[in-house]
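Q: Below you'll find the structure I mean.
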Amino acid sequence: MSRERERAEVGERALREGRAYDLVQQTLLGEAASGMLAALFVFGEDGEMVAVNEAACSLTGWTREELLAHHADVLAENPAQAAKLRRELLASRPLVGSGSLRTKSGEMLASTYIASLTRVAGTAFIVVVAVVAPARRAAPRGRAAKSAAA
């Protein structure tokens with residue numbers, strides 16, 4: 001075998017092994033995100049939900065199918081503020097903060113979040129990791145607060 005051919009085979013093998021390694025890493029990260037205790041939401045640029053983990057479902061009371069059929073605004077206490085945050089993220093400004101997360105029943109949960117922009121094959125996605133401590137549930141607001149007081 002010629003030295004040139006040997007180098008080409010070594011390069012091809014390294015490339016295949018590198019791709020396999022990347023695939024293993026992506027699979028491990030996907031499994032870890034799926035089973036983590038924090039809620040993980042992935043939104044398109046327009047706020048359409050494209051992926052959620054199991055914690056996001058159990059925390060909000062929505063099924064995965066229900067969440068993926070909704071816009072991010074269904075989770076927001078203030079949709080206008082949520083839209084502003086999305087615009088900031090799309091300008092590549094990662095955000096860390098706290099706010100309220102709306103459940104399917106309308107309950108507001110106090111949460112801490114980190115949100116950032118990622119690109120996959122040139123398409124922008126917003127990734128939000130939200131943590132809710134059971135003792136930090138937000139007090140009911142608006143109509144829910146009035147009916148709770150009655």
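Ligands are numbered from 1 in the order shown, residues from 1 within each chain, and chains are lettered A, B, ... in the order they appear in the structure tokens.
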When you look at Leu67 in chain A with a cut-off of 12 Å (counting only C-alpha atoms), what residues show up, excluding the ones that are within fewer than 6 positions of it in the same chain? I need them as a list of chain:residue names.
A: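 Residues near the query, excluding close chain neighbours: A:Leu40, A:Phe41, A:Val42, A:Phe43, A:Gly47, A:Glu48, A:Met49, A:Val50, A:Ala51, A:Val52, A:Asn53, A:Glu54, A:Ala56, A:Cys57, A:Ser58, A:Leu59, A:Thr60, A:Gly61, A:Asp73, A:Val74, A:Leu75, A:Arg102, A:Thr103, A:Lys104.
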Q: For the residues in the current selection, export N, CA, C and O atoms as a CSV table (one decimal), in the first residue's frame.
A:
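Result saved to again-v5.csv:
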```csv
chain,number,residue,atom,x,y,z
A,40,LEU,N,-36.9,22.1,30.1
A,40,LEU,CA,-36.1,22.5,29.0
A,40,LEU,C,-37.1,22.8,27.8
A,40,LEU,O,-37.9,21.9,27.5
A,41,PHE,N,-37.1,24.0,27.3
A,41,PHE,CA,-37.9,24.4,26.2
A,41,PHE,C,-37.1,24.8,25.0
A,41,PHE,O,-36.1,25.6,25.2
A,42,VAL,N,-37.4,24.4,23.8
A,42,VAL,CA,-36.7,24.9,22.6
A,42,VAL,C,-37.8,25.6,21.7
A,42,VAL,O,-38.8,24.9,21.4
A,43,PHE,N,-37.5,26.8,21.4
A,43,PHE,CA,-38.5,27.6,20.6
A,43,PHE,C,-37.8,28.0,19.2
A,43,PHE,O,-36.6,28.2,19.2
A,47,GLY,N,-41.2,31.9,18.3
A,47,GLY,CA,-41.8,31.5,19.5
A,47,GLY,C,-42.5,30.2,19.5
A,47,GLY,O,-43.1,29.7,20.5
A,48,GLU,N,-42.6,29.6,18.3
A,48,GLU,CA,-43.2,28.3,18.2
A,48,GLU,C,-42.4,27.2,19.0
A,48,GLU,O,-41.2,27.2,18.9
A,49,MET,N,-43.0,26.4,19.8
A,49,MET,CA,-42.3,25.4,20.6
A,49,MET,C,-42.0,24.2,19.6
A,49,MET,O,-42.8,23.7,18.9
A,50,VAL,N,-40.7,23.9,19.6
A,50,VAL,CA,-40.3,22.8,18.8
A,50,VAL,C,-39.8,21.6,19.5
A,50,VAL,O,-39.7,20.5,19.0
A,51,ALA,N,-39.4,21.7,20.8
A,51,ALA,CA,-39.0,20.6,21.6
A,51,ALA,C,-39.1,21.0,23.1
A,51,ALA,O,-38.9,22.1,23.5
A,52,VAL,N,-39.5,20.0,23.9
A,52,VAL,CA,-39.6,20.1,25.4
A,52,VAL,C,-39.2,18.8,26.0
A,52,VAL,O,-39.3,17.8,25.4
A,53,ASN,N,-38.7,18.9,27.2
A,53,ASN,CA,-38.3,17.7,27.9
A,53,ASN,C,-39.5,17.2,28.8
A,53,ASN,O,-40.5,17.9,29.0
A,54,GLU,N,-39.3,16.1,29.5
A,54,GLU,CA,-40.4,15.6,30.3
A,54,GLU,C,-40.7,16.5,31.5
A,54,GLU,O,-41.8,16.6,31.9
A,56,ALA,N,-40.5,19.7,31.6
A,56,ALA,CA,-41.4,20.8,31.1
A,56,ALA,C,-42.9,20.4,31.1
A,56,ALA,O,-43.7,21.2,31.5
A,57,CYS,N,-43.1,19.1,30.7
A,57,CYS,CA,-44.5,18.6,30.7
A,57,CYS,C,-45.0,18.5,32.1
A,57,CYS,O,-46.1,19.0,32.4
A,58,SER,N,-44.3,17.8,33.0
A,58,SER,CA,-44.8,17.5,34.3
A,58,SER,C,-45.0,18.8,35.1
A,58,SER,O,-45.9,19.0,35.9
A,59,LEU,N,-44.1,19.8,34.9
A,59,LEU,CA,-44.1,21.1,35.6
A,59,LEU,C,-45.3,21.9,35.2
A,59,LEU,O,-46.0,22.5,36.0
A,60,THR,N,-45.6,21.9,33.9
A,60,THR,CA,-46.7,22.8,33.4
A,60,THR,C,-48.0,22.1,33.3
A,60,THR,O,-49.1,22.8,33.2
A,61,GLY,N,-48.1,20.8,33.4
A,61,GLY,CA,-49.3,20.1,33.3
A,61,GLY,C,-49.8,19.8,31.9
A,61,GLY,O,-50.8,19.2,31.7
A,73,ASP,N,-46.1,31.9,24.1
A,73,ASP,CA,-46.9,32.8,24.8
A,73,ASP,C,-47.8,32.1,25.8
A,73,ASP,O,-48.3,32.7,26.8
A,74,VAL,N,-48.2,30.9,25.5
A,74,VAL,CA,-49.1,30.1,26.4
A,74,VAL,C,-48.5,30.0,27.8
A,74,VAL,O,-49.2,29.8,28.8
A,75,LEU,N,-47.1,30.0,27.9
A,75,LEU,CA,-46.4,29.9,29.1
A,75,LEU,C,-46.1,31.2,29.8
A,75,LEU,O,-45.7,31.2,31.0
A,102,ARG,N,-46.5,30.0,33.3
A,102,ARG,CA,-47.9,29.6,33.4
A,102,ARG,C,-48.1,28.1,33.2
A,102,ARG,O,-47.6,27.6,32.2
A,103,THR,N,-48.9,27.5,34.0
A,103,THR,CA,-49.2,26.1,33.9
A,103,THR,C,-50.5,26.0,33.0
A,103,THR,O,-51.2,27.0,32.8
A,104,LYS,N,-50.9,24.8,32.7
A,104,LYS,CA,-52.1,24.5,31.9
A,104,LYS,C,-53.3,25.0,32.7
A,104,LYS,O,-54.3,25.5,32.1
```
Q: Just give me the gap between CA of Ala130 in chain A and CA of Met36 in chain A in Å, one decimal is fine.
A: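 According to the coordinates, CA of Ala130 in chain A and CA of Met36 in chain A are separated by 11.0 Å.
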Q: From the list A:Ser116, A:Ser105, A:Ser100, A:Ser92, which residue is nearest Ala133 in chain A when using only C-alpha atoms?
A: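 Closest candidate: A:Ser100.
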Q: Which is closest to Leu37 in chain A among A:Leu101, A:Leu95, A:Leu85, A:Val131, if we use only C-alpha atoms?
A: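 Ranked by minimum distance to Leu37 in chain A, first place goes to A:Val131.
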Q: Provide the CA of Ile114 in chain A to CA of Val128 in chain A distance in Å, to one decimal place.
A: 5.8 Å
Q: Between CA of Val127 in chain A and CA of Arg93 in chain A, what is the distance in Å, rounded to a tenth?
A: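 A separation of 12.2 Å between them.
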